[in-house]
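Listing of entry-v5.txt; format and content: compact mmCIF, C-alpha atoms.
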```txt
# COMPACT_ATOMS: atom_id res chain seq x y z
CA MET A 1 0.00 0.00 0.00
CA ARG A 2 1.69 3.20 -1.15
CA ILE A 3 0.51 5.38 1.71
CA HIS A 4 1.84 2.91 4.23
CA CYS A 5 5.20 2.51 2.46
CA LEU A 6 5.65 6.24 2.07
CA GLN A 7 5.58 6.74 5.81
CA ARG A 8 7.78 3.77 6.63
CA SER A 9 10.44 4.55 4.02
CA ILE A 10 11.23 8.05 5.32
CA PRO A 11 13.40 8.36 8.45
CA SER A 12 11.70 9.94 11.44
CA SER A 13 14.18 12.83 11.39
CA CYS A 14 13.05 13.66 7.85
CA MET A 15 9.41 13.16 8.72
CA LEU A 16 9.64 15.94 11.30
CA ASN A 17 10.50 18.29 8.45
CA SER A 18 8.04 16.73 6.00
CA SER A 19 4.66 17.43 7.54
CA ALA A 20 3.37 18.14 4.01
CA ILE A 21 3.45 14.39 3.38
CA ILE A 22 1.24 13.78 6.39
CA ARG A 23 -1.13 16.54 5.32
CA ARG A 24 -1.43 14.99 1.86
CA GLN A 25 -2.21 11.58 3.35
CA GLN A 26 -4.76 13.17 5.66
CA PHE A 27 -6.38 14.98 2.74
CA LEU A 28 -6.41 11.83 0.59
CA ILE A 29 -8.15 9.73 3.24
CA ARG A 30 -10.59 12.50 4.12
CA ALA A 31 -11.47 13.00 0.44
CA LEU A 32 -11.85 9.30 -0.30
CA GLY A 33 -13.82 8.87 2.90
CA GLY A 34 -16.76 10.42 1.08
CA CYS A 35 -17.40 7.11 -0.69
CA CYS A 36 -17.29 5.10 2.53
CA SER A 37 -20.22 4.50 4.85
CA HIS A 38 -17.90 5.09 7.81
CA GLN A 39 -16.94 8.60 6.74
CA THR A 40 -17.73 10.13 10.12
CA HIS A 41 -15.54 7.54 11.83
CA HIS A 42 -12.64 8.29 9.50
CA GLN A 43 -12.97 12.05 9.95
CA PHE A 44 -13.16 11.69 13.71
CA ARG A 45 -10.03 9.54 13.72
CA MET A 46 -8.21 11.99 11.47
CA GLN A 47 -9.16 14.92 13.68
CA SER A 48 -8.02 13.12 16.80
CA MET A 49 -4.72 12.17 15.20
CA PHE A 50 -3.97 15.55 13.65
CA SER A 51 -5.67 17.96 16.04
CA GLY A 52 -4.33 21.48 16.26
CA SER A 53 -2.75 23.72 13.66
CA GLY A 54 0.73 22.25 14.09
CA LEU A 55 1.90 18.64 13.96
CA GLY A 56 3.91 17.43 16.89
CA ALA A 57 6.61 14.77 16.85
CA ASP A 58 4.13 12.13 17.97
CA ALA A 59 1.78 13.04 15.10
CA VAL A 60 4.27 12.25 12.37
CA GLN A 61 5.02 8.74 13.59
CA PRO A 62 3.33 5.94 11.60
CA LYS A 63 -0.17 5.25 12.91
CA LYS A 64 -1.85 1.87 12.63
CA GLY A 65 -5.24 3.57 12.48
CA LEU A 66 -4.14 5.73 9.56
CA ASP A 67 -2.85 2.72 7.64
CA ALA A 68 -5.99 0.72 8.37
CA ASP A 69 -8.28 3.53 7.25
CA ALA A 70 -6.27 4.08 4.06
CA CYS A 71 -6.30 0.37 3.19
CA GLY A 72 -10.01 0.05 3.90
CA ILE A 73 -11.01 3.02 1.77
CA LEU A 74 -8.75 2.09 -1.12
CA ARG A 75 -10.03 -1.50 -1.08
CA LEU A 76 -13.58 -0.15 -1.15
CA ILE A 77 -13.05 1.83 -4.38
CA THR A 78 -10.73 -0.62 -6.15
CA PRO A 79 -12.47 -2.95 -8.64
CA PRO A 80 -12.14 -6.58 -7.51
CA VAL A 81 -9.84 -8.90 -9.43
CA ASP A 82 -12.02 -11.47 -11.16
CA PRO A 83 -10.82 -14.09 -13.68
CA THR A 84 -14.05 -13.64 -15.64
CA ARG A 85 -13.45 -9.93 -16.22
CA TYR A 86 -11.79 -8.58 -19.34
CA LYS A 87 -10.12 -5.33 -20.35
CA GLY A 88 -12.57 -2.47 -20.43
CA GLN A 89 -15.06 -3.65 -17.83
CA ALA A 90 -13.62 -1.33 -15.20
CA GLY A 91 -14.35 1.73 -17.31
CA LYS A 92 -13.61 3.32 -20.66
CA ILE A 93 -13.14 7.09 -20.59
CA ALA A 94 -12.80 9.60 -23.43
CA VAL A 95 -11.31 13.07 -22.95
CA ILE A 96 -12.31 15.64 -25.58
CA GLY A 97 -9.63 18.32 -25.52
CA GLY A 98 -6.07 19.24 -26.35
CA CYS A 99 -4.93 21.86 -28.86
CA ARG A 100 -1.77 23.71 -29.89
CA GLU A 101 -1.53 25.71 -26.68
CA TYR A 102 -2.75 23.16 -24.15
CA THR A 103 -1.55 19.56 -23.97
CA GLY A 104 -1.06 18.99 -20.24
CA ALA A 105 -4.69 19.19 -19.10
CA PRO A 106 -6.06 16.40 -21.35
CA TYR A 107 -3.11 14.21 -20.41
CA PHE A 108 -3.68 14.66 -16.67
CA SER A 109 -7.43 14.03 -17.03
CA ALA A 110 -6.91 10.83 -19.00
CA ILE A 111 -4.02 9.45 -16.94
CA SER A 112 -5.85 10.21 -13.67
CA ALA A 113 -8.75 8.07 -14.84
CA LEU A 114 -6.32 5.19 -15.41
CA LYS A 115 -4.60 5.66 -12.06
CA ILE A 116 -7.88 5.61 -10.16
CA GLY A 117 -8.89 2.31 -11.76
CA ALA A 118 -10.35 2.80 -15.26
CA ASP A 119 -9.16 0.30 -17.86
CA LEU A 120 -8.92 2.51 -20.95
CA SER A 121 -8.44 6.23 -21.50
CA HIS A 122 -8.82 7.86 -24.89
CA VAL A 123 -7.93 11.45 -25.83
CA PHE A 124 -9.52 13.14 -28.84
CA CYS A 125 -7.38 16.18 -29.65
CA THR A 126 -6.04 18.27 -32.51
CA LYS A 127 -3.27 17.01 -34.76
CA ASP A 128 -0.79 19.47 -33.26
CA ALA A 129 -1.44 18.23 -29.72
CA ALA A 130 -1.44 14.51 -30.46
CA PRO A 131 2.33 13.83 -30.71
CA ILE A 132 2.96 15.69 -27.46
CA ILE A 133 0.24 13.88 -25.54
CA LYS A 134 1.37 10.54 -26.98
CA GLY A 135 4.89 11.36 -25.78
CA TYR A 136 3.69 11.90 -22.21
CA SER A 137 2.51 8.31 -21.81
CA PRO A 138 2.19 5.14 -23.91
CA GLU A 139 -0.83 4.14 -21.83
CA LEU A 140 -3.19 6.61 -23.48
CA ILE A 141 -5.03 6.04 -26.76
CA VAL A 142 -4.72 9.32 -28.64
CA HIS A 143 -6.91 10.28 -31.62
CA PRO A 144 -5.68 13.32 -33.62
CA VAL A 145 -9.07 14.09 -35.17
CA LEU A 146 -10.02 17.60 -34.01
CA GLU A 147 -9.31 20.64 -36.19
CA GLU A 148 -8.80 24.35 -35.55
CA SER A 149 -9.77 27.26 -37.78
CA TYR A 150 -6.25 28.24 -38.74
CA SER A 151 -5.65 24.96 -40.59
CA ILE A 152 -8.78 24.82 -42.76
CA ARG A 153 -10.50 26.90 -45.41
CA ASP A 154 -13.99 28.28 -44.90
CA GLU A 155 -15.42 26.24 -47.76
CA ASP A 156 -14.12 23.03 -46.14
CA LYS A 157 -15.51 23.62 -42.66
CA LYS A 158 -18.79 21.77 -43.14
CA SER A 159 -17.22 18.62 -44.55
CA ILE A 160 -14.45 18.61 -41.94
CA SER A 161 -16.97 19.11 -39.13
CA GLU A 162 -18.93 16.11 -40.37
CA ARG A 163 -15.74 14.07 -40.61
CA VAL A 164 -14.70 14.96 -37.04
CA LEU A 165 -18.10 13.91 -35.69
CA ALA A 166 -17.96 10.67 -37.65
CA GLU A 167 -14.51 9.85 -36.26
CA VAL A 168 -15.68 10.34 -32.69
CA GLU A 169 -19.09 8.77 -33.27
CA LYS A 170 -17.68 5.41 -34.29
CA TRP A 171 -16.07 5.12 -30.84
CA MET A 172 -18.88 6.68 -28.83
CA GLU A 173 -20.86 3.56 -27.93
CA ARG A 174 -17.77 2.05 -26.30
CA PHE A 175 -17.37 4.82 -23.73
CA ASP A 176 -18.79 4.92 -20.22
CA CYS A 177 -18.14 8.63 -19.87
CA LEU A 178 -16.90 11.70 -21.75
CA VAL A 179 -14.76 14.42 -20.20
CA VAL A 180 -15.16 17.55 -22.28
CA GLY A 181 -12.98 20.64 -22.02
CA PRO A 182 -9.48 20.03 -20.60
CA GLY A 183 -7.06 21.85 -22.90
CA LEU A 184 -9.82 22.46 -25.43
CA GLY A 185 -9.09 26.10 -26.14
CA ARG A 186 -11.60 28.55 -27.58
CA ASP A 187 -11.19 28.26 -31.31
CA PRO A 188 -14.70 28.85 -32.77
CA PHE A 189 -14.60 26.00 -35.28
CA LEU A 190 -13.23 23.56 -32.72
CA LEU A 191 -15.97 24.54 -30.26
CA ASP A 192 -18.61 23.99 -32.95
CA CYS A 193 -17.29 20.48 -33.54
CA VAL A 194 -17.32 19.72 -29.82
CA SER A 195 -20.90 21.03 -29.59
CA ASN A 196 -21.92 18.37 -32.11
CA ILE A 197 -20.06 15.72 -30.10
CA ILE A 198 -21.92 16.74 -26.92
CA LYS A 199 -25.27 16.59 -28.74
CA HIS A 200 -24.51 13.10 -30.01
CA ALA A 201 -23.39 11.93 -26.55
CA ARG A 202 -26.58 13.30 -25.10
CA ARG A 203 -28.72 11.42 -27.63
CA SER A 204 -26.80 8.28 -26.66
CA SER A 205 -27.33 8.95 -22.91
CA ILE A 206 -23.60 8.96 -22.18
CA PRO A 207 -22.55 10.73 -18.97
CA ILE A 208 -20.55 13.91 -19.60
CA VAL A 209 -18.18 15.72 -17.24
CA ILE A 210 -17.65 19.30 -18.45
CA ASP A 211 -14.65 21.29 -17.29
CA ALA A 212 -12.39 24.18 -18.27
CA ASP A 213 -13.12 25.51 -21.78
CA GLY A 214 -15.99 23.06 -22.04
CA LEU A 215 -17.68 25.27 -19.45
CA PHE A 216 -16.95 28.31 -21.60
CA LEU A 217 -18.75 26.51 -24.41
CA VAL A 218 -21.87 25.53 -22.45
CA THR A 219 -22.06 28.92 -20.73
CA ASN A 220 -22.61 30.42 -24.18
CA SER A 221 -24.78 27.50 -25.38
CA LEU A 222 -26.84 26.41 -22.38
CA ASP A 223 -29.11 24.22 -24.49
CA LEU A 224 -26.24 21.73 -24.82
CA ILE A 225 -26.72 20.52 -21.25
CA SER A 226 -29.97 22.07 -20.03
CA GLY A 227 -32.30 19.33 -18.82
CA TYR A 228 -29.69 16.60 -19.18
CA PRO A 229 -29.30 14.80 -15.82
CA LEU A 230 -26.13 12.96 -16.88
CA ALA A 231 -24.08 16.16 -17.24
CA ILE A 232 -21.72 17.15 -14.43
CA LEU A 233 -20.17 20.63 -14.40
CA THR A 234 -16.94 21.26 -12.47
CA PRO A 235 -16.39 25.03 -12.47
CA ASN A 236 -13.72 26.95 -10.63
CA ILE A 237 -14.73 30.23 -9.00
CA ASN A 238 -14.49 32.36 -12.14
CA GLU A 239 -16.25 29.78 -14.31
CA TYR A 240 -18.96 29.56 -11.65
CA LYS A 241 -19.43 33.33 -11.71
CA ARG A 242 -19.86 33.27 -15.47
CA LEU A 243 -22.42 30.46 -15.21
CA VAL A 244 -24.42 32.39 -12.59
CA GLN A 245 -24.36 35.54 -14.73
CA SER A 246 -25.42 33.67 -17.85
CA VAL A 247 -28.06 31.38 -16.34
CA LEU A 248 -29.50 33.40 -13.45
CA ASN A 249 -28.77 36.89 -14.84
CA CYS A 250 -27.28 38.06 -11.54
CA GLU A 251 -24.03 38.14 -9.59
CA VAL A 252 -22.82 35.52 -7.14
CA ASN A 253 -24.60 35.86 -3.80
CA ASP A 254 -22.24 34.91 -0.98
CA HIS A 255 -25.01 35.28 1.60
CA ASP A 256 -27.16 32.56 0.02
CA ALA A 257 -24.57 30.44 -1.78
CA PRO A 258 -26.35 27.07 -1.27
CA GLY A 259 -29.67 28.44 -2.49
CA GLN A 260 -28.11 30.08 -5.50
CA LEU A 261 -26.21 26.89 -6.37
CA LEU A 262 -29.47 24.91 -6.19
CA SER A 263 -31.21 27.41 -8.45
CA LEU A 264 -28.35 27.21 -10.94
CA ALA A 265 -28.43 23.42 -10.99
CA LYS A 266 -32.22 23.37 -11.51
CA ARG A 267 -31.95 25.78 -14.44
```
Re-express the file's structure as structure tokens.
Amino acid sequence: MRIHCLQRSIPSSCMLNSSAIIRRQQFLIRALGGCCSHQTHHQFRMQSMFSGSGLGADAVQPKKGLDADACGILRLITPPVDPTRYKGQAGKIAVIGGCREYTGAPYFSAISALKIGADLSHVFCTKDAAPIIKGYSPELIVHPVLEESYSIRDEDKKSISERVLAEVEKWMERFDCLVVGPGLGRDPFLLDCVSNIIKHARRSSIPIVIDADGLFLVTNSLDLISGYPLAILTPNINEYKRLVQSVLNCEVNDHDAPGQLLSLAKR
């Protein structure tokens, strides 16, 4: 178990100066505890072990409770090993994003899905981004099918848009989820192509996680996700503000944040 080994492999003298490691372990277990029925128990144990703003010498020593909680939570979310299972049954994810300027975000989205337990991660990106993303990891399946305005003529846009959709569509039924937006950029033609991909995914009832420039797209085209219960939006604070302004026609209300969030989600 990596969390356990990380603590044991570092001398105690170093651990005293490496409280960041402990904080990361604490955060990991607290975050993953959300998928465990014993979340309150885990949080209580964490608070009792790491109480106070500082970490004393006794706090940085390896704790059996910490190891046990980490192992239990990680076992809970790890797909069981079964001889009847085959590649792909633990999840097939597609990331729609990656352009000339941005290649890191789609890589991190796709590789994170693999590291958390998915079997296959695909990235649909522009031709310029594909070699770079391929170079980051041989584990990812990279499709250089998206196009940006600078590389095509106006008279070719319709046929290329249809070709892009066809390339993605032939894979669509294999995916359990789409992640739209990481490293997408804001090229108008590229966004139009991705709009068509979202519409097709919606008709096929495929769950969609929308992030980054995907949120820029849906903020300006709310009909893409309005009324679709399988869409999950993950805005940062500025993206959230733009969504509130576009959907609710008002500014963020810090005094009634939960109510405003509920109203936004309903709309």
Q: Between CA of Tyr86 in chain A and CA of Pro207 in chain A, measure the distance and give it in Å to one decimal.
A: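 Between CA of Tyr86 in chain A and CA of Pro207 in chain A the gap is 22.1 Å.
CA of Gln89 in chain A is found 18.3 Å from CA of Ser205 in chain A.
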Skipping near chain neighbours, those fewer than 5 positions away, what residues fall within 12 Å of range 226-234 of chain A using only C-alpha atoms, listed as a PDB file with C-alpha atoms, in the coordinates of the input?
```pdb
ATOM      1  CA  ASP A 176     -18.790   4.920 -20.220  1.00  0.00           C
ATOM      2  CA  CYS A 177     -18.140   8.630 -19.870  1.00  0.00           C
ATOM      3  CA  LEU A 178     -16.900  11.700 -21.750  1.00  0.00           C
ATOM      4  CA  VAL A 179     -14.760  14.420 -20.200  1.00  0.00           C
ATOM      5  CA  VAL A 180     -15.160  17.550 -22.280  1.00  0.00           C
ATOM      6  CA  GLY A 181     -12.980  20.640 -22.020  1.00  0.00           C
ATOM      7  CA  PRO A 182      -9.480  20.030 -20.600  1.00  0.00           C
ATOM      8  CA  ILE A 198     -21.920  16.740 -26.920  1.00  0.00           C
ATOM      9  CA  LYS A 199     -25.270  16.590 -28.740  1.00  0.00           C
ATOM     10  CA  ALA A 201     -23.390  11.930 -26.550  1.00  0.00           C
ATOM     11  CA  ARG A 202     -26.580  13.300 -25.100  1.00  0.00           C
ATOM     12  CA  ARG A 203     -28.720  11.420 -27.630  1.00  0.00           C
ATOM     13  CA  SER A 204     -26.800   8.280 -26.660  1.00  0.00           C
ATOM     14  CA  SER A 205     -27.330   8.950 -22.910  1.00  0.00           C
ATOM     15  CA  ILE A 206     -23.600   8.960 -22.180  1.00  0.00           C
ATOM     16  CA  PRO A 207     -22.550  10.730 -18.970  1.00  0.00           C
ATOM     17  CA  ILE A 208     -20.550  13.910 -19.600  1.00  0.00           C
ATOM     18  CA  VAL A 209     -18.180  15.720 -17.240  1.00  0.00           C
ATOM     19  CA  ILE A 210     -17.650  19.300 -18.450  1.00  0.00           C
ATOM     20  CA  ASP A 211     -14.650  21.290 -17.290  1.00  0.00           C
ATOM     21  CA  ALA A 212     -12.390  24.180 -18.270  1.00  0.00           C
ATOM     22  CA  ASP A 213     -13.120  25.510 -21.780  1.00  0.00           C
ATOM     23  CA  GLY A 214     -15.990  23.060 -22.040  1.00  0.00           C
ATOM     24  CA  LEU A 215     -17.680  25.270 -19.450  1.00  0.00           C
ATOM     25  CA  PHE A 216     -16.950  28.310 -21.600  1.00  0.00           C
ATOM     26  CA  LEU A 217     -18.750  26.510 -24.410  1.00  0.00           C
ATOM     27  CA  VAL A 218     -21.870  25.530 -22.450  1.00  0.00           C
ATOM     28  CA  THR A 219     -22.060  28.920 -20.730  1.00  0.00           C
ATOM     29  CA  ASN A 220     -22.610  30.420 -24.180  1.00  0.00           C
ATOM     30  CA  SER A 221     -24.780  27.500 -25.380  1.00  0.00           C
ATOM     31  CA  GLU A 239     -16.250  29.780 -14.310  1.00  0.00           C
ATOM     32  CA  TYR A 240     -18.960  29.560 -11.650  1.00  0.00           C
ATOM     33  CA  LEU A 243     -22.420  30.460 -15.210  1.00  0.00           C
ATOM     34  CA  VAL A 247     -28.060  31.380 -16.340  1.00  0.00           C
ATOM     35  CA  LEU A 261     -26.210  26.890  -6.370  1.00  0.00           C
ATOM     36  CA  LEU A 264     -28.350  27.210 -10.940  1.00  0.00           C
ATOM     37  CA  ALA A 265     -28.430  23.420 -10.990  1.00  0.00           C
ATOM     38  CA  LYS A 266     -32.220  23.370 -11.510  1.00  0.00           C
ATOM     39  CA  ARG A 267     -31.950  25.780 -14.440  1.00  0.00           C
TER      40      ARG A 267
END
```
Q: Give the answer as one residue: which of A:Asp223, A:Asp192, A:Asp82, A:Glu173 has the shortest atom-to-atom distance to Leu146 in chain A, using only C-alpha atoms?
A: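 Among the listed residues, A:Asp192 lies closest to Leu146 in chain A.
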**Q.** Between CA of Phe189 in chain A and CA of Ser149 in chain A, distance in Å (one decimal)
**A.**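 Value for the CA of Phe189 in chain A-CA of Ser149 in chain A distance: 5.6 Å.
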Complete range 142-156 of chain A with N, CA, C and O atoms (output as a PDB file, keeping the file's coordinate frame).
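The resulting file, part-v1.pdb, is shown below:
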```
ATOM      1  N   VAL A 142      -4.585   7.934 -28.193  1.00  0.00           N
ATOM      2  CA  VAL A 142      -4.720   9.320 -28.640  1.00  0.00           C
ATOM      3  C   VAL A 142      -5.231   9.364 -30.085  1.00  0.00           C
ATOM      4  O   VAL A 142      -4.668   8.709 -30.969  1.00  0.00           O
ATOM      5  N   HIS A 143      -6.280  10.145 -30.305  1.00  0.00           N
ATOM      6  CA  HIS A 143      -6.910  10.280 -31.620  1.00  0.00           C
ATOM      7  C   HIS A 143      -6.725  11.714 -32.127  1.00  0.00           C
ATOM      8  O   HIS A 143      -7.385  12.628 -31.620  1.00  0.00           O
ATOM      9  N   PRO A 144      -5.890  11.959 -33.112  1.00  0.00           N
ATOM     10  CA  PRO A 144      -5.680  13.320 -33.620  1.00  0.00           C
ATOM     11  C   PRO A 144      -6.721  13.698 -34.666  1.00  0.00           C
ATOM     12  O   PRO A 144      -6.429  13.818 -35.853  1.00  0.00           O
ATOM     13  N   VAL A 145      -7.967  13.898 -34.227  1.00  0.00           N
ATOM     14  CA  VAL A 145      -9.070  14.090 -35.170  1.00  0.00           C
ATOM     15  C   VAL A 145      -9.664  15.503 -35.151  1.00  0.00           C
ATOM     16  O   VAL A 145     -10.347  15.885 -36.105  1.00  0.00           O
ATOM     17  N   LEU A 146      -9.434  16.270 -34.089  1.00  0.00           N
ATOM     18  CA  LEU A 146     -10.020  17.600 -34.010  1.00  0.00           C
ATOM     19  C   LEU A 146      -9.240  18.585 -34.879  1.00  0.00           C
ATOM     20  O   LEU A 146      -8.052  18.387 -35.143  1.00  0.00           O
ATOM     21  N   GLU A 147      -9.921  19.636 -35.312  1.00  0.00           N
ATOM     22  CA  GLU A 147      -9.310  20.640 -36.190  1.00  0.00           C
ATOM     23  C   GLU A 147      -9.578  22.035 -35.641  1.00  0.00           C
ATOM     24  O   GLU A 147     -10.600  22.281 -35.006  1.00  0.00           O
ATOM     25  N   GLU A 148      -8.631  22.947 -35.914  1.00  0.00           N
ATOM     26  CA  GLU A 148      -8.800  24.350 -35.550  1.00  0.00           C
ATOM     27  C   GLU A 148      -8.927  25.199 -36.814  1.00  0.00           C
ATOM     28  O   GLU A 148      -8.527  24.806 -37.908  1.00  0.00           O
ATOM     29  N   SER A 149      -9.456  26.399 -36.645  1.00  0.00           N
ATOM     30  CA  SER A 149      -9.770  27.260 -37.780  1.00  0.00           C
ATOM     31  C   SER A 149      -8.564  27.594 -38.639  1.00  0.00           C
ATOM     32  O   SER A 149      -8.671  27.698 -39.869  1.00  0.00           O
ATOM     33  N   TYR A 150      -7.417  27.770 -38.010  1.00  0.00           N
ATOM     34  CA  TYR A 150      -6.250  28.240 -38.740  1.00  0.00           C
ATOM     35  C   TYR A 150      -5.801  27.264 -39.831  1.00  0.00           C
ATOM     36  O   TYR A 150      -5.128  27.647 -40.793  1.00  0.00           O
ATOM     37  N   SER A 151      -6.172  25.989 -39.677  1.00  0.00           N
ATOM     38  CA  SER A 151      -5.650  24.960 -40.590  1.00  0.00           C
ATOM     39  C   SER A 151      -6.622  24.575 -41.698  1.00  0.00           C
ATOM     40  O   SER A 151      -6.319  23.678 -42.492  1.00  0.00           O
ATOM     41  N   ILE A 152      -7.782  25.218 -41.765  1.00  0.00           N
ATOM     42  CA  ILE A 152      -8.780  24.820 -42.760  1.00  0.00           C
ATOM     43  C   ILE A 152      -9.353  26.046 -43.466  1.00  0.00           C
ATOM     44  O   ILE A 152      -9.357  27.160 -42.926  1.00  0.00           O
ATOM     45  N   ARG A 153      -9.856  25.833 -44.655  1.00  0.00           N
ATOM     46  CA  ARG A 153     -10.500  26.900 -45.410  1.00  0.00           C
ATOM     47  C   ARG A 153     -11.986  26.955 -45.066  1.00  0.00           C
ATOM     48  O   ARG A 153     -12.585  25.953 -44.674  1.00  0.00           O
ATOM     49  N   ASP A 154     -12.580  28.113 -45.247  1.00  0.00           N
ATOM     50  CA  ASP A 154     -13.990  28.280 -44.900  1.00  0.00           C
ATOM     51  C   ASP A 154     -14.883  27.317 -45.665  1.00  0.00           C
ATOM     52  O   ASP A 154     -15.845  26.773 -45.110  1.00  0.00           O
ATOM     53  N   GLU A 155     -14.565  27.106 -46.952  1.00  0.00           N
ATOM     54  CA  GLU A 155     -15.420  26.240 -47.760  1.00  0.00           C
ATOM     55  C   GLU A 155     -15.314  24.768 -47.357  1.00  0.00           C
ATOM     56  O   GLU A 155     -16.155  23.951 -47.754  1.00  0.00           O
ATOM     57  N   ASP A 156     -14.301  24.429 -46.556  1.00  0.00           N
ATOM     58  CA  ASP A 156     -14.120  23.030 -46.140  1.00  0.00           C
ATOM     59  C   ASP A 156     -14.680  22.758 -44.743  1.00  0.00           C
ATOM     60  O   ASP A 156     -14.676  21.600 -44.297  1.00  0.00           O
TER      61      ASP A 156
END
```
